[in-house]
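The data block below is run16.cif; it holds mmCIF, C-alpha atoms.
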```cif
data_entry
#
loop_
_atom_site.label_atom_id
_atom_site.label_comp_id
_atom_site.auth_asym_id
_atom_site.auth_seq_id
_atom_site.Cartn_x
_atom_site.Cartn_y
_atom_site.Cartn_z
CA MET P 20 -5.37 -1.24 -4.78
CA PHE P 21 -5.03 -4.28 -2.53
CA ASP P 22 -4.66 -7.53 -4.55
CA PHE P 23 -7.72 -9.07 -2.91
CA LEU P 24 -9.91 -6.30 -4.27
CA LYS P 25 -8.40 -6.56 -7.73
CA LYS P 26 -9.56 -10.15 -7.96
CA ASN P 27 -12.97 -9.62 -6.35
CA LYS P 28 -15.47 -6.95 -7.33
CA VAL P 29 -16.69 -5.23 -4.20
CA LYS P 30 -20.42 -5.58 -3.61
CA LEU P 31 -22.08 -3.13 -1.25
CA PRO P 32 -23.90 -5.09 1.51
CA ASP P 33 -27.64 -4.46 1.59
CA ASP P 34 -27.45 -3.38 5.24
CA TYR P 35 -25.13 -0.50 4.29
CA LYS P 36 -26.96 0.90 1.27
CA ASP P 37 -28.49 3.69 3.34
CA LEU P 38 -25.09 4.58 4.81
CA ILE P 39 -22.60 4.67 1.95
CA ASN P 40 -22.41 4.24 -1.84
CA GLU P 41 -20.63 1.36 -3.56
CA LYS P 42 -17.58 3.38 -4.62
CA ASP P 43 -16.96 4.78 -1.14
CA TYR P 44 -17.54 1.36 0.40
CA ALA P 45 -14.85 -0.08 -1.89
CA THR P 46 -12.49 2.66 -0.68
CA PHE P 47 -13.37 1.84 2.94
CA LEU P 48 -12.87 -1.90 2.44
CA ASN P 49 -9.56 -1.29 0.69
CA SER P 50 -8.42 0.74 3.70
CA CYS P 51 -9.38 -2.13 6.02
CA LEU P 52 -7.61 -4.75 3.94
CA THR P 53 -4.50 -2.61 3.55
CA VAL P 54 -4.21 -2.29 7.33
CA LEU P 55 -4.71 -6.03 7.80
CA LYS P 56 -2.03 -6.75 5.19
CA GLY P 57 0.32 -4.50 7.12
CA LEU P 58 -0.47 -6.53 10.24
CA ASN P 59 0.51 -9.71 8.34
CA LEU P 60 -2.96 -11.23 8.49
CA LYS P 61 -4.12 -13.57 5.74
CA VAL P 62 -7.58 -12.53 4.54
CA ILE P 63 -9.78 -15.36 3.27
CA SER P 64 -12.86 -13.37 2.25
CA SER P 65 -14.46 -9.96 2.75
CA ASP P 66 -18.11 -10.36 1.83
CA ASN P 67 -21.19 -8.75 3.36
CA GLY P 68 -19.42 -6.66 5.98
CA ASP P 69 -17.49 -9.64 7.38
CA ILE P 70 -13.74 -10.04 6.88
CA VAL P 71 -12.75 -13.66 7.44
CA TYR P 72 -9.06 -14.12 8.18
CA GLU P 73 -6.67 -16.78 9.41
CA ASN P 74 -5.51 -16.32 12.99
CA LYS P 75 -2.14 -17.36 14.34
CA ASP P 76 -3.47 -20.84 15.10
CA GLY P 77 -4.47 -21.33 11.47
CA GLU P 78 -8.18 -21.09 12.29
CA GLU P 79 -10.79 -18.90 10.63
CA ALA P 80 -11.73 -15.77 12.59
CA HIS P 81 -13.90 -12.76 11.83
CA TYR P 82 -13.77 -8.98 11.82
CA TYR P 83 -17.28 -7.54 11.53
CA LEU P 84 -17.21 -4.10 9.92
CA ASP P 85 -20.45 -2.53 11.13
CA ASN P 86 -19.00 -0.45 13.97
CA ILE P 87 -15.93 0.82 12.17
CA LEU P 88 -17.94 1.68 9.04
CA ARG P 89 -20.33 3.84 11.04
CA LYS P 90 -17.39 5.66 12.63
CA TYR P 91 -15.66 5.98 9.26
CA ILE P 92 -18.50 7.76 7.48
CA GLN P 93 -18.86 10.33 10.27
CA LEU P 94 -15.21 11.41 10.14
CA PRO P 95 -13.53 13.97 7.85
CA ILE P 96 -11.94 12.23 4.87
CA ASN P 97 -8.41 13.01 6.03
CA GLU P 98 -9.00 11.20 9.37
CA ARG P 99 -10.66 8.04 8.07
CA ASP P 100 -7.65 5.86 7.25
CA GLU P 101 -6.04 6.59 10.62
CA GLU P 102 -9.23 5.55 12.43
CA VAL P 103 -9.33 2.29 10.46
CA LYS P 104 -5.72 1.61 11.40
CA ARG P 105 -6.37 2.39 15.07
CA HIS P 106 -9.45 0.15 15.07
CA PHE P 107 -7.71 -2.96 13.79
CA GLU P 108 -4.54 -2.44 15.81
CA LYS P 109 -6.73 -2.36 18.92
CA LEU P 110 -8.29 -5.68 17.92
CA GLN P 111 -5.04 -7.55 17.53
CA ASP P 112 -4.50 -10.97 19.01
CA LYS P 113 -4.68 -11.21 22.79
CA SER P 114 -4.86 -15.00 22.89
CA ASP P 115 -2.02 -15.30 25.43
CA ALA P 116 -4.02 -13.19 27.89
CA TYR P 117 -7.22 -15.14 27.24
CA ASN P 118 -5.43 -18.46 27.64
CA TYR P 119 -4.25 -17.29 31.05
CA PHE P 120 -7.78 -16.20 31.98
CA PHE P 121 -9.08 -19.71 31.37
CA LYS P 122 -6.46 -21.05 33.79
CA ASP P 123 -7.20 -18.56 36.58
CA PHE P 124 -10.90 -17.87 37.07
CA ASP P 125 -10.42 -15.76 40.19
CA TYR P 126 -8.39 -13.31 38.11
CA ALA P 127 -10.46 -13.61 34.94
CA LYS P 128 -13.87 -12.96 36.51
CA GLN P 129 -13.20 -9.23 36.87
CA PHE P 130 -13.30 -8.94 33.07
CA LEU P 131 -16.61 -10.77 32.53
CA LYS P 132 -19.47 -8.79 30.99
CA VAL P 133 -22.41 -9.52 28.72
CA VAL P 134 -23.41 -8.08 25.35
CA ILE P 135 -26.66 -8.43 23.41
CA LYS P 136 -26.65 -9.11 19.67
CA PRO P 137 -29.19 -10.01 16.97
CA ILE P 138 -29.68 -13.76 16.78
CA GLU P 139 -28.68 -13.78 13.11
CA MET P 140 -25.29 -12.17 13.76
CA LEU P 141 -23.54 -15.51 14.36
CA GLU P 142 -24.80 -18.64 12.68
CA ASN P 143 -22.75 -20.72 15.12
CA TYR P 144 -23.74 -18.79 18.25
CA GLY P 145 -24.38 -22.09 20.02
CA GLU P 146 -20.60 -22.59 20.25
CA PHE P 147 -20.40 -19.62 22.61
CA VAL P 148 -21.61 -19.17 26.18
CA HIS P 149 -24.97 -17.51 25.73
CA ARG P 150 -28.55 -17.33 26.89
CA LEU P 151 -31.76 -16.06 25.31
CA ASP P 152 -33.23 -13.25 27.40
CA PHE P 153 -35.04 -11.40 24.59
CA PRO P 154 -36.92 -12.96 21.67
CA ASN P 155 -34.73 -12.81 18.52
CA LEU P 156 -31.69 -11.62 20.48
CA VAL P 157 -28.75 -13.44 22.09
CA THR P 158 -27.00 -12.51 25.32
CA PHE P 159 -23.32 -13.46 25.07
CA LEU P 160 -20.78 -13.84 27.87
CA VAL P 161 -17.64 -11.87 26.96
CA PHE P 162 -14.34 -10.65 28.29
CA ASP P 163 -14.19 -6.85 28.35
CA PHE P 164 -10.42 -6.50 28.16
CA GLU P 165 -8.27 -3.65 26.79
CA GLU P 166 -11.15 -2.00 24.89
CA GLN P 167 -12.08 -5.23 23.16
CA PHE P 168 -14.88 -7.76 23.61
CA HIS P 169 -13.91 -11.41 23.35
CA TYR P 170 -16.77 -13.89 22.96
CA ILE P 171 -16.23 -16.90 25.22
CA LYS P 172 -16.63 -20.38 23.75
CA ASN P 173 -18.29 -23.18 25.70
CA ASP P 174 -15.20 -25.35 25.45
CA ASN P 175 -13.01 -22.68 27.02
CA ALA P 176 -15.47 -21.79 29.78
CA SER P 177 -15.70 -25.46 30.79
CA GLU P 178 -12.11 -25.21 32.05
CA TRP P 179 -13.36 -23.08 34.94
CA GLN P 180 -15.85 -25.70 36.14
CA VAL P 181 -18.18 -22.88 37.19
CA ASP P 182 -21.94 -23.11 36.70
CA GLU P 183 -23.09 -21.07 33.71
CA GLN P 184 -25.73 -19.27 35.75
CA ASP P 185 -23.04 -18.13 38.17
CA LEU P 186 -20.95 -16.84 35.26
CA PHE P 187 -23.80 -14.64 34.08
CA GLU P 188 -24.49 -13.38 37.59
CA ILE P 189 -20.86 -12.33 37.96
CA ALA P 190 -20.88 -10.67 34.55
CA LEU P 191 -24.06 -8.75 35.35
CA ASP P 192 -22.64 -7.64 38.71
CA ASN P 193 -19.64 -6.27 36.81
CA LEU P 194 -21.95 -4.59 34.32
CA GLY P 195 -23.69 -2.80 37.18
CA ASN P 196 -20.49 -0.84 37.78
CA GLU P 197 -20.69 0.79 34.35
CA GLU P 198 -21.84 4.39 34.07
CA ILE P 199 -25.12 4.60 32.18
CA GLU P 200 -26.82 7.92 31.47
CA ALA P 201 -30.64 7.93 31.67
CA LYS P 202 -32.54 10.96 30.39
CA GLU P 203 -36.27 11.53 30.67
CA TYR P 204 -38.25 12.74 27.64
CA THR P 205 -41.93 13.23 26.80
CA PHE P 206 -43.27 11.98 23.47
CA GLY P 207 -46.64 12.90 22.04
CA ASP P 208 -47.11 15.33 24.95
CA ARG P 209 -48.17 12.46 27.21
CA PHE P 210 -45.78 9.51 27.16
CA LYS P 211 -42.85 9.46 29.55
CA VAL P 212 -39.83 7.77 27.97
CA TYR P 213 -36.39 7.20 29.45
CA ILE P 214 -33.49 6.89 27.05
CA LEU P 215 -30.33 5.10 28.19
CA PHE P 216 -27.06 6.25 26.65
CA SER P 217 -23.64 4.62 26.84
CA GLY P 218 -20.92 3.60 24.43
CA ASP P 219 -21.44 -0.15 24.66
CA PHE P 220 -23.67 -1.21 27.52
CA SER P 221 -27.14 0.33 27.33
CA ALA P 222 -28.57 -2.79 25.68
CA PRO P 223 -27.29 -5.36 28.22
CA PHE P 224 -28.05 -2.97 31.09
CA THR P 225 -31.74 -3.68 30.45
CA LEU P 226 -31.11 -7.09 32.05
CA LEU P 227 -30.68 -5.17 35.31
CA ILE P 228 -34.01 -3.40 35.03
CA ASP P 229 -35.29 -4.74 38.37
CA LYS P 230 -32.15 -3.66 40.18
CA TYR P 231 -31.17 -0.29 38.72
CA LEU P 232 -34.02 0.85 36.47
CA GLU P 233 -37.10 0.44 38.65
CA PHE P 234 -38.23 3.93 37.65
CA SER P 235 -38.98 2.56 34.18
CA ILE P 236 -41.43 -0.08 35.42
CA GLY P 237 -45.09 0.96 35.37
CA THR P 238 -48.32 -0.67 36.44
CA TYR P 239 -48.27 -2.80 33.29
CA GLY P 240 -44.51 -3.21 33.13
CA THR P 241 -42.13 -1.57 30.65
CA MET P 242 -42.05 -1.14 26.91
CA LEU P 243 -38.52 -1.19 25.49
CA ALA P 244 -36.83 -0.58 22.16
CA ILE P 245 -33.17 -1.50 21.66
CA PRO P 246 -32.06 -0.05 18.32
CA THR P 247 -28.34 -0.09 19.15
CA LYS P 248 -25.91 -1.30 21.77
CA GLY P 249 -25.59 2.21 23.22
CA THR P 250 -29.19 3.47 23.08
CA VAL P 251 -32.34 2.06 24.68
CA PHE P 252 -35.85 3.54 24.91
CA MET P 253 -37.89 2.59 28.00
CA HIS P 254 -41.49 3.54 28.80
CA PRO P 255 -43.23 2.74 32.11
CA ILE P 256 -46.64 1.50 30.96
CA GLU P 257 -49.43 3.08 33.00
CA THR P 258 -52.25 3.18 30.43
CA LYS P 259 -53.72 1.00 27.69
CA GLU P 260 -52.52 3.36 24.96
CA VAL P 261 -49.00 2.00 24.54
CA LEU P 262 -49.52 1.16 20.85
CA ASP P 263 -49.93 4.88 20.19
CA LEU P 264 -46.44 5.35 21.54
CA THR P 265 -44.97 2.68 19.26
CA GLU P 266 -46.20 4.68 16.27
CA ILE P 267 -44.58 7.83 17.63
CA LEU P 268 -41.28 6.16 18.50
CA HIS P 269 -40.84 4.01 15.42
CA PRO P 270 -39.20 6.75 13.26
CA GLU P 271 -36.80 7.54 16.10
CA ILE P 272 -35.92 3.87 16.52
CA GLU P 273 -35.23 3.54 12.79
CA LYS P 274 -33.00 6.61 12.82
CA PHE P 275 -30.82 5.26 15.65
CA TYR P 276 -30.77 1.77 14.15
CA HIS P 277 -29.55 2.93 10.74
CA GLU P 278 -27.18 5.69 11.80
CA ASP P 279 -25.52 4.64 15.07
CA GLN P 280 -22.93 1.96 15.75
CA GLY P 281 -23.85 -1.54 16.89
CA ASN P 282 -27.41 -1.80 15.57
CA ILE P 283 -29.47 -4.47 17.29
CA SER P 284 -33.22 -4.43 16.62
CA LEU P 285 -36.18 -2.52 15.23
CA ASP P 286 -38.56 -4.48 17.44
CA PHE P 287 -40.41 -3.36 20.55
CA TYR P 288 -40.28 -5.48 23.71
CA TRP P 289 -42.34 -5.72 26.86
CA PHE P 290 -40.83 -6.41 30.30
CA TYR P 291 -43.13 -7.81 32.95
CA GLN P 292 -42.34 -9.74 36.13
CA GLY P 293 -38.84 -10.72 35.11
CA GLN P 294 -39.59 -11.73 31.50
CA PHE P 295 -39.20 -10.04 28.12
CA TYR P 296 -41.86 -10.47 25.43
CA LEU P 297 -42.05 -9.34 21.81
CA PHE P 298 -44.57 -6.87 20.42
CA LYS P 299 -45.91 -8.74 17.39
CA LYS P 300 -45.59 -7.34 13.87
CA GLU P 301 -48.01 -7.87 11.00
CA TYR P 302 -46.66 -7.12 7.51
CA HIS P 303 -49.01 -5.94 4.74
CA ASP P 304 -48.77 -5.99 0.94
CA ASN P 305 -48.31 -2.21 0.80
CA GLN P 306 -45.14 -2.59 2.93
CA GLN P 307 -46.90 -1.15 5.94
CA VAL P 308 -46.33 -2.77 9.31
CA THR P 309 -48.86 -3.08 12.12
CA ILE P 310 -47.51 -3.51 15.65
CA ASN P 311 -49.67 -5.55 18.03
CA LEU P 312 -49.59 -6.16 21.76
CA PRO P 313 -47.95 -9.27 23.20
CA ASP P 314 -50.72 -11.75 24.01
CA LYS P 315 -50.01 -11.66 27.72
CA LEU P 316 -50.14 -7.85 27.86
CA GLU P 317 -53.45 -7.88 25.99
CA ARG P 318 -54.85 -10.35 28.53
CA LEU P 319 -53.54 -8.19 31.36
CA TYR P 320 -55.31 -5.15 29.93
CA ASN P 321 -58.55 -7.10 29.66
CA GLU P 322 -58.34 -8.22 33.28
CA ARG P 323 -58.15 -4.69 34.68
#
```
In structure tokens, how does this file's structure come out?
Amino acid sequence: MFDFLKKNKVKLPDDYKDLINEKDYATFLNSCLTVLKGLNLKVISSDNGDIVYENKDGEEAHYYLDNILRKYIQLPINERDEEVKRHFEKLQDKSDAYNYFFKDFDYAKQFLKVVIKPIEMLENYGEFVHRLDFPNLVTFLVFDFEEQFHYIKNDNASEWQVDEQDLFEIALDNLGNEEIEAKEYTFGDRFKVYILFSGDFSAPFTLLIDKYLEFSIGTYGTMLAIPTKGTVFMHPIETKEVLDLTEILHPEIEKFYHEDQGNISLDFYWFYQGQFYLFKKEYHDNQQVTINLPDKLERLYNER
């Protein structure tokens, strides 16, 4: 067993209790730490699904384990360690390439994309180039380079002397070149719902709804759910019965959120005239949750 684990009892993170038991999680974490030791990385801590390590510049850096854990548990036991090894080898330091990118914007801009993450994922998210498109979510500017996302810090981006709005426009233009699969389904025998599928980009692709996803916009806009980075539910709202659909979809949203990689949110959102709003939630003592319309959508209903 890796020395770090000998000195520190492994605690199963609350977010993973529905995915894996404590013993198997300890085995998984040991596999991760063994690979990192073989890559000569100094691990500082490994709590709550976040391995903190020292990079080659002597600074603290992070490996978040959510994605690799969800892959790990779906694989046969004899393939798991090899997948962990492949995962971390792929993530190894590319700082020389990134340093060059910050010196040559014309070359670097081809790799710009955006990703959407829960606002609580990074306590220091303000250090990175970001904007807030959805309530409770953060849109980050990243490099999509050699199968790895690199979050871009404000200090580094300032070297380009390019307006931040222009950076996001370029990144979204690049995102528009990604292949996204949209399938149409009917829920409750009356609600048309489009589901977007992709490995990494369904969630940020919603920012292009006006350009590429007009079919999902109804008379009253669009209801969206973004359980994971690769799966998005979109309903063109044509009636005043959209809350009925939230009840129908909620179990599906929870299933994707808890079982797929890159979970993002259990919330429902409303898109209308270029803005995203949150469907409100009311929590009750019996642990039941009531979902309510955004105030603006309720006013819109009342006006028509």
Pick from P:Leu312, P:Ala80, P:Ala190, P:Leu227: nearest to P:Leu60, with all atoms listed in the file counted?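 So, comparing all the options, the nearest one is P:Ala80.
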Using the chain letters and numbers from this file, what does the PyMOL selection byres ((chain P and resi 31-47) around 8) select? Give the answer as a PyMOL selection string. chain P and resi 29-30+48-51+66-68+88-89+91-92+277-278
Using the chain letters and numbers from this file, what does the PyMOL selection byres ((chain P and resi 262) around 12) select? Give the answer as a list in words.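 In the shown coordinates, the PyMOL selection byres ((chain P and resi 262) around 12) covers Phe210, Met242, His254, Ile256, Thr258, Lys259, Glu260, Val261, Asp263, Leu264, Thr265, Glu266, Ile267, Leu268, His269, Phe287, Tyr288, Trp289, Phe298, Lys299, Lys300, Thr309, Ile310, Asn311, Leu312, Pro313, Leu316 and Glu317 of chain P.
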Closest of P:Leu94, P:Leu141, P:Ala176, P:Leu156 to P:Lys128 - atom-to-atom distances counting all atoms listed in the file: P:Ala176
Given the PyMOL selection byres ((chain P and resi 82) around 6) and the file above, list the residues it selects as a PyMOL selection string. chain P and resi 69-70+81+83
Produce a file of the selected residues containing C-alpha atoms, as a compact mmCIF listing (two decimals), in the coordinates of the input.
```txt
# COMPACT_ATOMS: atom_id res chain seq x y z
CA ASP P 69 -17.49 -9.64 7.38
CA ILE P 70 -13.74 -10.04 6.88
CA HIS P 81 -13.90 -12.76 11.83
CA TYR P 83 -17.28 -7.54 11.53
```
Rank P:Glu73, P:Asp100, P:Asp219, P:Asp229 by their smallest atom-to-atom distance to P:Gln280, using all atoms listed in the file, and report the top residue only.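 Under the stated criterion, the closest residue is P:Asp219.
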Give me the residues near P:Tyr117 as a count of residues only, where near means some atom within 9 Å (using only C-alpha atoms) and where sequence neighbours in that chain fewer than 3 positions away do not count. 8
Do you know which residues lie at most 10 Å from (-41.6, -11.0, 30.4), with coordinates as in the file and all atoms listed in the file counted, and could you write them as number ranges by chain? P: 152-153, 240-241, 288-297, 313, 315-316
Starting from the sparse input, extend stretch 163-186 of chain P to N, CA and C atoms and give the output as a PDB file, in the frame of the given file.
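To be explicit, this is the file written out as rebuild.pdb:
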```pdb
ATOM      1  N   ASP P 163     -14.367  -8.254  28.683  1.00  0.00           N
ATOM      2  CA  ASP P 163     -14.190  -6.850  28.350  1.00  0.00           C
ATOM      3  C   ASP P 163     -12.777  -6.488  28.773  1.00  0.00           C
ATOM      4  N   PHE P 164     -11.839  -6.594  27.824  1.00  0.00           N
ATOM      5  CA  PHE P 164     -10.420  -6.500  28.160  1.00  0.00           C
ATOM      6  C   PHE P 164      -9.700  -5.619  27.133  1.00  0.00           C
ATOM      7  N   GLU P 165      -9.053  -4.562  27.633  1.00  0.00           N
ATOM      8  CA  GLU P 165      -8.270  -3.650  26.790  1.00  0.00           C
ATOM      9  C   GLU P 165      -9.078  -3.152  25.594  1.00  0.00           C
ATOM     10  N   GLU P 166     -10.279  -2.625  25.895  1.00  0.00           N
ATOM     11  CA  GLU P 166     -11.150  -2.000  24.890  1.00  0.00           C
ATOM     12  C   GLU P 166     -11.583  -2.973  23.796  1.00  0.00           C
ATOM     13  N   GLN P 167     -11.667  -4.236  24.131  1.00  0.00           N
ATOM     14  CA  GLN P 167     -12.080  -5.230  23.160  1.00  0.00           C
ATOM     15  C   GLN P 167     -12.963  -6.275  23.827  1.00  0.00           C
ATOM     16  N   PHE P 168     -14.037  -6.670  23.132  1.00  0.00           N
ATOM     17  CA  PHE P 168     -14.880  -7.760  23.610  1.00  0.00           C
ATOM     18  C   PHE P 168     -14.417  -9.069  22.983  1.00  0.00           C
ATOM     19  N   HIS P 169     -14.282 -10.076  23.825  1.00  0.00           N
ATOM     20  CA  HIS P 169     -13.910 -11.410  23.350  1.00  0.00           C
ATOM     21  C   HIS P 169     -15.020 -12.374  23.733  1.00  0.00           C
ATOM     22  N   TYR P 170     -15.671 -12.963  22.721  1.00  0.00           N
ATOM     23  CA  TYR P 170     -16.770 -13.890  22.960  1.00  0.00           C
ATOM     24  C   TYR P 170     -16.196 -15.223  23.461  1.00  0.00           C
ATOM     25  N   ILE P 171     -16.783 -15.741  24.532  1.00  0.00           N
ATOM     26  CA  ILE P 171     -16.230 -16.900  25.220  1.00  0.00           C
ATOM     27  C   ILE P 171     -16.893 -18.180  24.729  1.00  0.00           C
ATOM     28  N   LYS P 172     -16.099 -19.106  24.249  1.00  0.00           N
ATOM     29  CA  LYS P 172     -16.630 -20.380  23.750  1.00  0.00           C
ATOM     30  C   LYS P 172     -16.932 -21.326  24.907  1.00  0.00           C
ATOM     31  N   ASN P 173     -17.905 -22.191  24.672  1.00  0.00           N
ATOM     32  CA  ASN P 173     -18.290 -23.180  25.700  1.00  0.00           C
ATOM     33  C   ASN P 173     -17.110 -24.038  26.123  1.00  0.00           C
ATOM     34  N   ASP P 174     -16.326 -24.472  25.151  1.00  0.00           N
ATOM     35  CA  ASP P 174     -15.200 -25.350  25.450  1.00  0.00           C
ATOM     36  C   ASP P 174     -14.201 -24.690  26.392  1.00  0.00           C
ATOM     37  N   ASN P 175     -13.952 -23.397  26.154  1.00  0.00           N
ATOM     38  CA  ASN P 175     -13.010 -22.680  27.020  1.00  0.00           C
ATOM     39  C   ASN P 175     -13.578 -22.454  28.408  1.00  0.00           C
ATOM     40  N   ALA P 176     -14.842 -22.063  28.477  1.00  0.00           N
ATOM     41  CA  ALA P 176     -15.470 -21.790  29.780  1.00  0.00           C
ATOM     42  C   ALA P 176     -15.541 -23.039  30.637  1.00  0.00           C
ATOM     43  N   SER P 177     -15.611 -24.207  30.018  1.00  0.00           N
ATOM     44  CA  SER P 177     -15.700 -25.460  30.790  1.00  0.00           C
ATOM     45  C   SER P 177     -14.460 -25.692  31.635  1.00  0.00           C
ATOM     46  N   GLU P 178     -13.334 -25.061  31.267  1.00  0.00           N
ATOM     47  CA  GLU P 178     -12.110 -25.210  32.050  1.00  0.00           C
ATOM     48  C   GLU P 178     -12.273 -24.650  33.457  1.00  0.00           C
ATOM     49  N   TRP P 179     -13.178 -23.690  33.623  1.00  0.00           N
ATOM     50  CA  TRP P 179     -13.360 -23.080  34.940  1.00  0.00           C
ATOM     51  C   TRP P 179     -14.146 -23.979  35.889  1.00  0.00           C
ATOM     52  N   GLN P 180     -14.968 -24.849  35.331  1.00  0.00           N
ATOM     53  CA  GLN P 180     -15.850 -25.700  36.140  1.00  0.00           C
ATOM     54  C   GLN P 180     -16.721 -24.847  37.066  1.00  0.00           C
ATOM     55  N   VAL P 181     -17.274 -23.789  36.481  1.00  0.00           N
ATOM     56  CA  VAL P 181     -18.180 -22.880  37.190  1.00  0.00           C
ATOM     57  C   VAL P 181     -19.533 -22.951  36.493  1.00  0.00           C
ATOM     58  N   ASP P 182     -20.600 -23.033  37.267  1.00  0.00           N
ATOM     59  CA  ASP P 182     -21.940 -23.110  36.700  1.00  0.00           C
ATOM     60  C   ASP P 182     -22.208 -21.894  35.812  1.00  0.00           C
ATOM     61  N   GLU P 183     -22.837 -22.144  34.669  1.00  0.00           N
ATOM     62  CA  GLU P 183     -23.090 -21.070  33.710  1.00  0.00           C
ATOM     63  C   GLU P 183     -23.936 -19.955  34.303  1.00  0.00           C
ATOM     64  N   GLN P 184     -24.911 -20.298  35.114  1.00  0.00           N
ATOM     65  CA  GLN P 184     -25.730 -19.270  35.750  1.00  0.00           C
ATOM     66  C   GLN P 184     -24.890 -18.358  36.629  1.00  0.00           C
ATOM     67  N   ASP P 185     -23.924 -18.927  37.323  1.00  0.00           N
ATOM     68  CA  ASP P 185     -23.040 -18.130  38.170  1.00  0.00           C
ATOM     69  C   ASP P 185     -22.173 -17.198  37.310  1.00  0.00           C
ATOM     70  N   LEU P 186     -21.753 -17.674  36.149  1.00  0.00           N
ATOM     71  CA  LEU P 186     -20.950 -16.840  35.260  1.00  0.00           C
ATOM     72  C   LEU P 186     -21.728 -15.592  34.838  1.00  0.00           C
TER      73      LEU P 186
END
```
